[in-house]
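Enquirer: Sharing a structure here in structure tokens format.
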Amino acid sequence: MIETHWKIQNSHSCLLQGTVDRESVPDIWNHIQAWKPTEKSVKVDLSKLKRVDSAGLVLFLHLIEHAKKSNCHIMLDSVPDHLLTLIQLSNVELLIADHI
């Protein structure tokens with residue numbers, strides 16, 4: 001079983017793995033808020049995500065805004081199909097399109 005966590009791999013890359021849902025979002029958000037990006041662009045690897053619910057989708061939107069405050073552009077890498085479907089069903093493609 002993969003534990004849910006946020007990991008800073010280096011100044012240009014982060015990893016989010018496991019399940020991102022209403023139960024895990026508060027802890028993940030605490031880690032993200034403590035993170036201060038120093039690069040103009042950071043790739044967030046989502047290849048090891050198992051499940052994302054609507055709370056997880058909102059977390060991604062907040063992550064993008066958090067990084068913008070530090071003049072950093074987030075690129076979501078290896079976005080799983082179930083998250084792409086959730087983005088479409090939630091009608092937030094325009095908010096996230098430049099980050100996929």
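Going by the structure tokens order, chains are called A, B, ..., each with residues numbered from 1, while ligands are numbered from 1 in the order shown.
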Apply DSSP to the backbone of this structure and, from chain A, keep only the residues in alpha helix (DSSP H); write these as a PyMOL selection string.
Expert: chain A and resi 25-34+54-68+81-89+93-96
Enquirer: Could you give me, as a list in words, the residues within 9 Å of Lys36 in chain A, counting only C-alpha atoms and dropping anything in the same chain fewer than 4 positions from it?
Expert: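 The filter keeps Ile32, His66, Ala67 and Ser70 of chain A.
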Enquirer: Name all residues at most 10 Å from Leu63 in chain A (count only C-alpha atoms; drop same-chain ones fewer than 6 positions away) and give them as a VMD selection string.
Expert: chain A and resid 29 32 to 33 57 74
Enquirer: To one decimal in Å, tell me the separation between CA of Ser24 in chain A and CA of Leu61 in chain A.
Expert: 15.7 Å
Enquirer: Set the distance at 12 Å and use only C-alpha atoms: which residues neighbour Gln9 in chain A once local chain neighbours fewer than 4 positions away are removed? I'd like the list as JSON, numbers by chain.
Expert: {"A": [13, 14, 15, 16, 42, 43, 44, 45]}
